[in-house]
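**Student:** The following file, entry-v6.csv, comprises CSV, C-alpha atoms:
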```
chain,number,residue,atom,x,y,z
A,1,MET,CA,10.1,-60.4,-53.1
A,2,THR,CA,7.5,-62.2,-51.0
A,3,LYS,CA,5.8,-65.0,-52.8
A,4,LYS,CA,2.1,-65.1,-53.1
A,5,LYS,CA,0.5,-67.3,-50.4
A,6,ASN,CA,-2.3,-69.6,-51.6
A,7,PHE,CA,-3.1,-71.3,-48.3
A,8,LEU,CA,-1.7,-69.1,-45.5
A,9,TYR,CA,-2.9,-65.7,-44.3
A,10,GLY,CA,-2.1,-63.3,-41.5
A,11,PRO,CA,-1.0,-63.3,-38.8
A,12,VAL,CA,-4.4,-61.8,-37.9
A,13,PRO,CA,-5.4,-60.5,-34.5
A,14,SER,CA,-7.6,-62.8,-32.5
A,15,ARG,CA,-9.2,-62.1,-29.1
A,16,ARG,CA,-8.9,-65.8,-28.3
A,17,LEU,CA,-5.6,-66.6,-29.9
A,18,GLY,CA,-3.5,-63.5,-29.9
A,19,ARG,CA,-1.6,-63.3,-33.2
A,20,SER,CA,-3.0,-66.2,-35.2
A,21,TYR,CA,-1.3,-67.4,-38.4
A,22,GLY,CA,-4.1,-69.0,-40.5
A,23,ILE,CA,-4.1,-72.0,-42.9
A,24,ASP,CA,-7.1,-72.3,-45.2
A,25,ILE,CA,-7.4,-75.9,-46.4
A,26,VAL,CA,-10.8,-76.0,-48.1
A,27,PRO,CA,-12.2,-73.8,-50.9
A,28,PHE,CA,-14.4,-70.8,-50.2
A,29,LYS,CA,-17.7,-71.8,-48.4
A,30,VAL,CA,-17.2,-75.6,-48.6
A,31,CYS,CA,-19.0,-76.3,-45.3
A,32,THR,CA,-21.4,-78.6,-43.5
A,33,LEU,CA,-23.5,-75.7,-42.4
A,34,ASP,CA,-25.1,-72.6,-43.8
A,35,CYS,CA,-25.2,-70.4,-40.7
A,36,VAL,CA,-27.4,-67.3,-40.7
A,37,TYR,CA,-24.6,-65.3,-39.0
A,38,CYS,CA,-21.7,-66.4,-41.2
A,39,GLN,CA,-19.5,-63.4,-41.9
A,40,LEU,CA,-18.5,-65.0,-45.3
A,41,GLY,CA,-22.1,-65.1,-46.6
A,42,ARG,CA,-24.3,-68.0,-47.7
A,43,THR,CA,-23.1,-71.6,-48.3
A,44,PRO,CA,-24.3,-72.4,-51.8
A,45,LYS,CA,-24.5,-76.1,-51.1
A,46,THR,CA,-23.6,-77.9,-47.8
A,47,THR,CA,-21.6,-81.1,-47.9
A,48,THR,CA,-20.3,-83.8,-45.5
A,49,GLU,CA,-17.9,-85.3,-48.1
A,50,ARG,CA,-14.3,-85.4,-47.0
A,51,LYS,CA,-11.7,-84.9,-49.7
A,52,GLU,CA,-8.1,-83.6,-50.1
A,53,TYR,CA,-9.4,-80.2,-51.1
A,54,ALA,CA,-5.9,-78.7,-50.9
A,55,PRO,CA,-2.6,-80.6,-51.4
A,56,VAL,CA,-1.0,-81.2,-48.0
A,57,ASP,CA,2.5,-81.2,-49.4
A,58,GLU,CA,2.0,-77.8,-51.1
A,59,ILE,CA,0.6,-76.3,-47.8
A,60,LEU,CA,3.6,-77.5,-45.9
A,61,VAL,CA,6.0,-76.1,-48.4
A,62,GLU,CA,4.3,-72.7,-48.2
A,63,LEU,CA,4.4,-72.9,-44.4
A,64,LYS,CA,8.1,-73.8,-44.4
A,65,GLU,CA,8.9,-70.8,-46.6
A,66,ALA,CA,6.8,-68.5,-44.4
A,67,LEU,CA,8.6,-69.7,-41.2
A,68,ARG,CA,11.9,-68.8,-42.8
A,69,GLU,CA,10.6,-65.2,-42.8
A,70,LYS,CA,10.5,-65.4,-39.0
A,71,VAL,CA,6.7,-65.2,-38.6
A,72,GLU,CA,5.7,-64.1,-35.1
A,73,ALA,CA,2.6,-65.9,-34.1
A,74,ASP,CA,1.0,-67.3,-31.0
A,75,PHE,CA,-0.9,-70.0,-32.8
A,76,ILE,CA,-1.1,-71.7,-36.2
A,77,THR,CA,-4.8,-72.0,-36.8
A,78,ILE,CA,-6.3,-74.4,-39.3
A,79,ALA,CA,-9.5,-72.5,-40.3
A,80,GLY,CA,-10.2,-70.2,-43.1
A,81,SER,CA,-13.1,-69.9,-45.5
A,82,GLY,CA,-14.8,-73.3,-45.0
A,83,GLU,CA,-15.0,-76.3,-42.5
A,84,PRO,CA,-11.5,-77.6,-42.1
A,85,THR,CA,-12.5,-81.1,-40.9
A,86,LEU,CA,-13.9,-81.8,-44.4
A,87,HIS,CA,-10.2,-82.1,-45.5
A,88,ALA,CA,-9.5,-85.9,-45.7
A,89,HIS,CA,-5.9,-85.5,-44.6
A,90,LEU,CA,-6.2,-83.0,-41.8
A,91,GLY,CA,-4.3,-85.3,-39.4
A,92,ARG,CA,-1.4,-85.6,-41.8
A,93,LEU,CA,-1.3,-81.8,-42.2
A,94,ILE,CA,-1.1,-81.3,-38.4
A,95,GLU,CA,1.7,-83.9,-38.1
A,96,GLY,CA,3.6,-82.0,-40.8
A,97,ILE,CA,3.1,-78.6,-39.1
A,98,LYS,CA,4.4,-80.0,-35.9
A,99,GLU,CA,7.6,-81.3,-37.7
A,100,LEU,CA,8.2,-77.7,-38.9
A,101,THR,CA,7.5,-75.6,-35.8
A,102,ASN,CA,6.8,-75.6,-32.1
A,103,ILE,CA,4.0,-73.0,-32.5
A,104,THR,CA,0.8,-74.2,-30.9
A,105,VAL,CA,-1.7,-75.7,-33.4
A,106,ALA,CA,-5.4,-75.0,-33.2
A,107,VAL,CA,-8.3,-76.3,-35.3
A,108,LEU,CA,-11.2,-73.9,-35.6
A,109,THR,CA,-14.2,-76.1,-36.5
A,110,ASN,CA,-18.0,-76.1,-36.3
A,111,GLY,CA,-17.7,-79.5,-34.6
A,112,THR,CA,-20.4,-81.2,-36.8
A,113,LEU,CA,-18.2,-84.1,-38.0
A,114,LEU,CA,-16.7,-85.1,-34.6
A,115,TYR,CA,-19.2,-87.9,-34.4
A,116,ARG,CA,-17.0,-89.7,-37.0
A,117,PRO,CA,-14.0,-91.6,-35.5
A,118,GLU,CA,-11.7,-90.6,-38.3
A,119,VAL,CA,-12.4,-86.9,-37.8
A,120,ARG,CA,-11.8,-87.2,-34.0
A,121,ALA,CA,-8.5,-89.1,-34.8
A,122,ASP,CA,-7.3,-86.2,-37.0
A,123,CYS,CA,-8.3,-83.5,-34.5
A,124,TYR,CA,-6.7,-85.4,-31.7
A,125,LYS,CA,-3.3,-84.4,-33.1
A,126,ALA,CA,-3.9,-80.7,-32.5
A,127,ASP,CA,-3.1,-78.8,-29.3
A,128,VAL,CA,-6.3,-76.9,-29.1
A,129,VAL,CA,-9.7,-77.6,-30.8
A,130,MET,CA,-12.2,-74.8,-31.0
A,131,PRO,CA,-15.7,-76.2,-31.9
A,132,SER,CA,-19.0,-74.3,-32.1
A,133,LEU,CA,-22.3,-75.1,-30.5
A,134,ASP,CA,-25.1,-72.5,-30.9
A,135,ALA,CA,-28.1,-74.7,-29.8
A,136,GLY,CA,-29.0,-77.6,-27.7
A,137,ASP,CA,-32.2,-78.6,-29.5
A,138,GLU,CA,-32.9,-79.6,-33.0
A,139,GLN,CA,-35.3,-76.8,-33.9
A,140,THR,CA,-33.0,-74.0,-32.9
A,141,PHE,CA,-30.0,-75.7,-34.5
A,142,ARG,CA,-31.7,-75.9,-37.8
A,143,LYS,CA,-32.9,-72.3,-37.6
A,144,ILE,CA,-29.4,-70.9,-36.8
A,145,ASN,CA,-27.0,-73.3,-38.5
A,146,ARG,CA,-29.1,-74.7,-41.4
A,147,PRO,CA,-27.1,-78.0,-41.4
A,148,ASN,CA,-26.6,-80.5,-44.2
A,149,CYS,CA,-29.3,-83.2,-44.1
A,150,ASP,CA,-26.9,-85.8,-42.7
A,151,ILE,CA,-26.3,-83.8,-39.5
A,152,SER,CA,-28.4,-83.5,-36.4
A,153,ILE,CA,-27.8,-81.8,-33.1
A,154,LYS,CA,-27.9,-85.2,-31.4
A,155,ASN,CA,-24.8,-86.5,-33.3
A,156,VAL,CA,-23.1,-83.1,-33.0
A,157,ILE,CA,-23.3,-83.2,-29.2
A,158,SER,CA,-22.5,-86.9,-29.1
A,159,GLY,CA,-19.4,-86.3,-31.2
A,160,LEU,CA,-18.2,-83.5,-28.9
A,161,CYS,CA,-18.7,-85.6,-25.9
A,162,GLN,CA,-16.8,-88.5,-27.4
A,163,PHE,CA,-14.0,-86.2,-28.4
A,164,ARG,CA,-13.8,-84.8,-24.9
A,165,GLU,CA,-13.3,-88.4,-23.5
A,166,GLU,CA,-10.4,-89.0,-25.9
A,167,PHE,CA,-8.7,-85.7,-26.4
A,168,PRO,CA,-6.0,-84.7,-23.8
A,169,GLY,CA,-5.7,-81.1,-25.2
A,170,GLN,CA,-7.8,-78.0,-24.7
A,171,ILE,CA,-11.3,-77.7,-26.0
A,172,TRP,CA,-12.6,-74.1,-26.3
A,173,LEU,CA,-16.3,-74.1,-27.2
A,174,GLU,CA,-17.8,-71.1,-28.9
A,175,VAL,CA,-21.5,-70.3,-28.6
A,176,PHE,CA,-22.9,-67.6,-30.9
A,177,PHE,CA,-26.0,-65.8,-29.6
A,178,ILE,CA,-28.6,-64.1,-31.7
A,179,GLU,CA,-31.2,-62.0,-30.1
A,180,SER,CA,-34.7,-63.6,-30.0
A,181,ILE,CA,-33.5,-66.9,-31.6
A,182,ASN,CA,-31.4,-68.7,-29.0
A,183,THR,CA,-31.7,-66.4,-26.1
A,184,GLY,CA,-34.8,-67.7,-24.5
A,185,ASP,CA,-34.7,-69.5,-21.1
A,186,GLU,CA,-35.4,-72.9,-22.8
A,187,GLN,CA,-32.7,-72.5,-25.4
A,188,ILE,CA,-30.1,-71.3,-22.8
A,189,ALA,CA,-31.0,-74.2,-20.6
A,190,SER,CA,-30.6,-76.7,-23.4
A,191,ILE,CA,-27.2,-75.2,-24.3
A,192,LYS,CA,-26.1,-75.3,-20.6
A,193,LYS,CA,-27.1,-79.0,-20.5
A,194,ALA,CA,-25.0,-79.8,-23.5
A,195,VAL,CA,-22.1,-77.8,-22.2
A,196,GLU,CA,-22.2,-79.8,-18.9
A,197,LEU,CA,-22.0,-83.0,-20.9
A,198,ILE,CA,-19.2,-81.9,-23.2
A,199,LYS,CA,-17.1,-80.4,-20.4
A,200,PRO,CA,-15.0,-77.9,-22.5
A,201,ASP,CA,-12.0,-76.2,-20.9
A,202,LYS,CA,-13.4,-72.8,-21.9
A,203,ILE,CA,-16.7,-71.5,-23.2
A,204,HIS,CA,-16.5,-68.4,-25.4
A,205,LEU,CA,-19.6,-66.3,-26.1
A,206,ASN,CA,-20.0,-64.3,-29.3
A,207,THR,CA,-22.6,-62.3,-31.1
A,208,ALA,CA,-23.1,-60.5,-34.5
A,209,VAL,CA,-20.6,-57.6,-34.3
A,210,ARG,CA,-19.6,-58.2,-37.9
A,211,PRO,CA,-21.6,-58.3,-41.1
A,212,THR,CA,-23.7,-61.5,-41.4
A,213,ALA,CA,-25.1,-63.8,-44.1
A,214,GLU,CA,-28.6,-62.8,-43.3
A,215,PRO,CA,-29.1,-59.0,-42.9
A,216,ASP,CA,-31.6,-59.1,-40.1
A,217,ILE,CA,-29.4,-60.9,-37.5
A,218,LYS,CA,-29.6,-59.0,-34.2
A,219,ARG,CA,-26.6,-58.9,-31.9
A,220,LEU,CA,-26.8,-59.0,-28.1
A,221,ASP,CA,-25.5,-56.1,-26.1
A,222,ALA,CA,-22.5,-56.7,-23.8
A,223,GLU,CA,-24.6,-56.7,-20.7
A,224,HIS,CA,-27.0,-59.3,-22.0
A,225,LEU,CA,-24.1,-61.5,-23.2
A,226,GLN,CA,-22.4,-61.2,-19.8
A,227,ALA,CA,-25.6,-62.2,-18.0
A,228,ILE,CA,-25.8,-65.4,-20.1
A,229,ALA,CA,-22.1,-66.1,-19.4
A,230,GLU,CA,-22.8,-66.1,-15.7
A,231,ARG,CA,-25.7,-68.6,-16.2
A,232,LEU,CA,-23.5,-71.0,-18.2
A,233,GLY,CA,-20.8,-71.3,-15.6
A,234,PRO,CA,-17.3,-70.3,-14.3
A,235,HIS,CA,-15.4,-71.2,-17.4
A,236,CYS,CA,-17.4,-68.9,-19.6
A,237,GLU,CA,-16.3,-65.6,-21.0
A,238,VAL,CA,-17.5,-63.0,-23.5
A,239,ILE,CA,-15.2,-62.7,-26.6
A,240,ALA,CA,-17.4,-60.5,-28.8
A,241,ASP,CA,-15.5,-57.4,-29.7
A,242,PHE,CA,-17.7,-54.3,-29.0
A,243,SER,CA,-14.8,-51.9,-29.4
A,244,LYS,CA,-14.9,-51.4,-33.2
A,245,THR,CA,-14.3,-48.0,-34.8
A,246,ARG,CA,-17.6,-46.3,-35.2
A,247,GLY,CA,-19.1,-44.7,-38.3
A,248,THR,CA,-17.1,-41.4,-37.8
A,249,LEU,CA,-14.4,-43.1,-39.8
A,250,SER,CA,-16.6,-43.2,-42.9
A,251,SER,CA,-15.9,-39.7,-44.2
A,252,SER,CA,-12.2,-40.5,-44.7
A,253,ILE,CA,-13.0,-43.9,-46.2
A,254,ASP,CA,-15.6,-42.6,-48.6
A,255,SER,CA,-13.6,-39.6,-49.8
A,256,GLN,CA,-12.5,-40.2,-53.4
A,257,GLU,CA,-9.8,-37.6,-53.2
A,258,ALA,CA,-8.1,-38.7,-49.9
A,259,PHE,CA,-5.3,-40.7,-51.5
A,260,THR,CA,-3.6,-41.1,-54.9
A,261,PRO,CA,-4.0,-44.6,-56.3
A,262,HIS,CA,-1.0,-46.8,-56.8
A,263,LYS,CA,-0.7,-48.6,-60.2
A,264,LYS,CA,1.1,-51.6,-58.8
A,265,ARG,CA,-0.3,-53.7,-56.0
A,266,SER,CA,2.2,-54.2,-53.1
A,267,SER,CA,2.8,-57.2,-51.0
A,268,THR,CA,1.0,-55.5,-48.2
A,269,ALA,CA,-2.1,-55.0,-50.4
A,270,SER,CA,-1.9,-58.7,-51.3
A,271,ALA,CA,-1.8,-59.7,-47.6
A,272,LEU,CA,-4.7,-57.4,-47.0
A,273,LEU,CA,-6.8,-59.1,-49.7
A,274,SER,CA,-5.9,-62.5,-48.3
A,275,MET,CA,-7.2,-61.4,-44.8
A,276,LEU,CA,-10.4,-60.0,-46.2
A,277,LYS,CA,-11.1,-63.1,-48.2
A,278,ARG,CA,-11.4,-65.0,-44.9
A,279,ARG,CA,-13.4,-62.5,-42.9
A,280,PRO,CA,-14.6,-58.9,-42.9
A,281,CYS,CA,-12.2,-56.7,-41.0
A,282,SER,CA,-12.3,-53.3,-39.3
A,283,LEU,CA,-9.5,-50.7,-39.7
A,284,SER,CA,-8.1,-51.7,-36.3
A,285,ASP,CA,-8.1,-55.4,-37.4
A,286,ILE,CA,-6.2,-54.6,-40.5
A,287,CYS,CA,-3.6,-52.4,-38.7
A,288,ALA,CA,-3.0,-55.1,-36.0
A,289,GLY,CA,-2.9,-58.0,-38.5
A,290,LEU,CA,-0.5,-56.3,-41.0
A,291,ASP,CA,1.4,-54.2,-38.3
A,292,ILE,CA,0.8,-50.9,-40.2
A,293,LYS,CA,-0.4,-47.5,-39.2
A,294,PRO,CA,-4.0,-46.4,-39.9
A,295,ASN,CA,-3.1,-43.9,-42.6
A,296,ASP,CA,-1.0,-46.5,-44.4
A,297,ALA,CA,-3.9,-49.0,-44.2
A,298,LEU,CA,-6.3,-46.5,-45.6
A,299,LYS,CA,-4.1,-45.9,-48.6
A,300,HIS,CA,-4.2,-49.6,-49.5
A,301,ILE,CA,-7.9,-49.8,-48.8
A,302,HIS,CA,-8.6,-46.8,-51.0
A,303,ASP,CA,-6.5,-48.2,-53.9
A,304,LEU,CA,-8.1,-51.6,-53.7
A,305,GLN,CA,-11.6,-50.2,-53.3
A,306,GLU,CA,-11.2,-48.1,-56.5
A,307,SER,CA,-10.1,-51.3,-58.4
A,308,GLY,CA,-13.2,-53.2,-57.1
A,309,PHE,CA,-11.2,-55.5,-54.8
A,310,ILE,CA,-12.7,-54.3,-51.5
A,311,LEU,CA,-16.3,-53.5,-50.5
A,312,ILE,CA,-17.4,-51.5,-47.4
A,313,GLU,CA,-20.2,-52.8,-45.2
A,314,ARG,CA,-21.5,-51.3,-42.0
A,315,LYS,CA,-22.9,-53.2,-39.1
A,316,ASP,CA,-24.5,-51.4,-36.2
A,317,GLY,CA,-22.6,-48.2,-37.0
A,318,ASN,CA,-19.3,-50.0,-37.4
A,319,VAL,CA,-17.3,-50.0,-40.6
A,320,PHE,CA,-15.9,-53.2,-42.1
A,321,PHE,CA,-14.0,-54.0,-45.2
A,322,LYS,CA,-14.6,-57.2,-47.1
A,323,SER,CA,-13.8,-59.1,-50.3
A,324,PRO,CA,-16.5,-59.1,-52.9
A,325,VAL,CA,-15.9,-62.8,-53.6
```
As structure tokens, how would this structure be written, given the file I've shared?
**Tutor:**
Amino acid sequence: MTKKKNFLYGPVPSRRLGRSYGIDIVPFKVCTLDCVYCQLGRTPKTTTERKEYAPVDEILVELKEALREKVEADFITIAGSGEPTLHAHLGRLIEGIKELTNITVAVLTNGTLLYRPEVRADCYKADVVMPSLDAGDEQTFRKINRPNCDISIKNVISGLCQFREEFPGQIWLEVFFIESINTGDEQIASIKKAVELIKPDKIHLNTAVRPTAEPDIKRLDAEHLQAIAERLGPHCEVIADFSKTRGTLSSSIDSQEAFTPHKKRSSTASALLSMLKRRPCSLSDICAGLDIKPNDALKHIHDLQESGFILIERKDGNVFFKSPV
């Protein structure tokens, strides 16, 4: 019988990373930011305090057991439900992962703590670091990312530039665009200026295709996002997924008689809950991440929905499943 995983989840499908096996190393919503677009909801209280939020030895034991199950993944991604660079022993964790496997290690971070030498030293041990930068000016930064009072856009950009000078691996910078907030000519120009200083290997553009912390967040359409990509340079690409299943799926999801509930939760259902705890997922996300057929996925979704473990949310006509926590 598969043991419950406390820190690992997936593999989940990722447009940037293929099949990504995730490691969650901080508690839910322990973060330096309270982004208006966060798919996990509001951050109750931002922090910049680094601690050993999760025991490194226990994480590595769990990973070792998972690798024995012949996990197929393109990346091991340190990410999850908070800001991973808040973990005080991130570097030791990466070293431990590399002793266990040759799978490429990525750190998915908001980049806000890279101005600290000890954080850069930890991230230096990864193969790919994937920071965010949604603004090049302080006013827009505060409007979108709502940072902890210790963080400014100046030290965020400075930290990213310093890390670029030191880090021999790949830096893939994600920029999240919100209609009418950071899409004006001045905001795009300031982001472009910051990008030119940071010199990332790739620039990935995203927008609000999933449910967001604030309900009035407007996504860009694909054409607008592509036009911005062309303005930001040749290493820029759109990663926002506009191909989600539309609302026509809702009739089968909402039907209370579609499936017979199971009394006992399976390991597949547990894996599904683990995925949804980290981000809302569409039916296609769930099928790809768990390697199951849509009808099988819907059975698990229906059972868990009846028990109150899954909520349904719609964004721009798309159906997403999420954890109520």
**Student:** Which residues are near Cys281 in chain A? Cut-off 12 Å, all atoms listed in the file, ignore same chain within fewer than 3 positions. Put them as a count of residues only.
**Tutor:** 39
**Student:** Sort by chain and increasing residue number a table of all residues of range 206-239 of chain A within 10 Å of range 174-196 of chain A, each with its closest pair of atoms and their distance in Å to one decimal, counting all atoms listed in the file, and write it as a Markdown table.
**Tutor:**
```
| residue | atom | partner | partner_atom | distance |
| --- | --- | --- | --- | --- |
| A:Asn206 | CA | A:Phe176 | CA | 4.7 |
| A:Thr207 | CA | A:Phe177 | CA | 5.1 |
| A:Ala208 | CA | A:Ile178 | CA | 7.1 |
| A:Ile217 | CA | A:Ile178 | CA | 6.7 |
| A:Lys218 | CA | A:Glu179 | CA | 5.3 |
| A:Arg219 | CA | A:Ile178 | CA | 5.6 |
| A:Leu220 | CA | A:Glu179 | CA | 5.7 |
| A:Asp221 | CA | A:Glu179 | CA | 9.1 |
| A:His224 | CA | A:Thr183 | CA | 9.5 |
| A:Leu225 | CA | A:Phe177 | CA | 7.9 |
| A:Ile228 | CA | A:Ile188 | CA | 7.8 |
| A:Arg231 | CA | A:Lys192 | CA | 8.0 |
| A:Leu232 | CA | A:Lys192 | CA | 5.6 |
| A:Gly233 | CA | A:Lys192 | CA | 8.3 |
| A:Cys236 | CA | A:Glu174 | CA | 9.6 |
| A:Glu237 | CA | A:Glu174 | CA | 9.7 |
| A:Val238 | CA | A:Glu174 | CA | 9.7 |
| A:Ile239 | CA | A:Glu174 | CA | 9.1 |
```
**Student:** Quick one: residues within 12 Å of Phe163 in chain A, only C-alpha atoms, excluding same-chain residues fewer than 3 positions away - as a ChimeraX atom specification?
**Tutor:** /A:111-125,129-131,155-160,166-171,197-200
**Student:** Counting all atoms listed in the file, note down every residue that has an atom within 6 Å of the point (0.6, -62.0, -33.0) (file coordinates), as an MDAnalysis selection string.
**Tutor:** chainID A and resid 18:20 72:74
**Student:** Rounded to one decimal, what separation in Å do you get between CA of Glu165 in chain A and CA of Lys202 in chain A?
**Tutor:**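 CA of Lys202 in chain A lies 15.7 Å from CA of Glu165 in chain A.
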**Student:** Would you mind reading off the distance between CA of Tyr9 in chain A and CA of Leu63 in chain A, one decimal, in Å?
**Tutor:** 10.3 Å
**Student:** Measuring atom to atom with all atoms listed in the file, identify which of A:Cys31, A:Leu86, A:Leu93, A:Ile144 is nearest to Asp57 in chain A.
**Tutor:** A:Leu93
**Student:** Between CA of Ala269 in chain A and CA of Asp296 in chain A, what is the spacing in Å?
**Tutor:** 10.5 Å
**Student:** Hey, which of A:Glu306, A:Leu17, A:Ile203, A:Thr212 ends up closest to Arg279 in chain A? Count only C-alpha atoms.
**Tutor:**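 Nearest candidate to Arg279 in chain A out of A:Glu306, A:Leu17, A:Ile203, A:Thr212: A:Thr212.
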**Student:** Find the residues around range 102-107 of chain A up to 7 Å (only C-alpha atoms counted), leave out those fewer than 5 positions away in its own chain, and share them as an MDAnalysis selection string.
**Tutor:** chainID A and resid 74:79 126:130
**Student:** Would you save the residues of that selection, restricted to C-alpha atoms, as a PDB file, keeping the file's coordinate frame?
**Tutor:**
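Saved to result.pdb:
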```pdb
ATOM      1  CA  ASP A  74       1.000 -67.300 -31.000  1.00  0.00           C
ATOM      2  CA  PHE A  75      -0.900 -70.000 -32.800  1.00  0.00           C
ATOM      3  CA  ILE A  76      -1.100 -71.700 -36.200  1.00  0.00           C
ATOM      4  CA  THR A  77      -4.800 -72.000 -36.800  1.00  0.00           C
ATOM      5  CA  ILE A  78      -6.300 -74.400 -39.300  1.00  0.00           C
ATOM      6  CA  ALA A  79      -9.500 -72.500 -40.300  1.00  0.00           C
ATOM      7  CA  ALA A 126      -3.900 -80.700 -32.500  1.00  0.00           C
ATOM      8  CA  ASP A 127      -3.100 -78.800 -29.300  1.00  0.00           C
ATOM      9  CA  VAL A 128      -6.300 -76.900 -29.100  1.00  0.00           C
ATOM     10  CA  VAL A 129      -9.700 -77.600 -30.800  1.00  0.00           C
ATOM     11  CA  MET A 130     -12.200 -74.800 -31.000  1.00  0.00           C
TER      12      MET A 130
END
```
**Student:** Box for range 207-220 of chain A: with edges along x, y and z, all listed atoms inside and 6 Å added on each side, what are the centre and edge lengths in Å to one decimal, as AutoDock Vina command-line options?
**Tutor:**
```
--center_x -25.6 --center_y -60.7 --center_z -36.1 --size_x 24.0 --size_y 18.2 --size_z 28.0
```
**Student:** Given all atoms listed in the file as the basis, pick out the residue of A:Arg42, A:Arg15, A:Arg68, A:His87 nearest to Ala54 in chain A.
**Tutor:**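 Of the candidates, the smallest distance to Ala54 in chain A is held by A:His87.
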**Student:** Of the candidates A:Ala213, A:Leu304, A:Leu67, A:Leu205, which shows the shortest atom-to-atom distance to Arg146 in chain A, using all atoms listed in the file?
**Tutor:**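 Among the listed residues, the smallest separation from Arg146 in chain A belongs to A:Ala213.
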**Student:** Of the residues A:Ile94, A:Asn6, A:Asn148, A:Ile59, which is the one nearest to Pro44 in chain A, using all atoms listed in the file?
**Tutor:**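 With all atoms listed in the file as the atom set, the closest residue is A:Asn148.
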**Student:** For Arg16 in chain A, which residue out of A:Val56, A:Ile97, A:Ala229, A:Leu108 is the nearest one, using only C-alpha atoms?
**Tutor:**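 Among A:Val56, A:Ile97, A:Ala229, A:Leu108, it is A:Leu108 that comes nearest to Arg16 in chain A.
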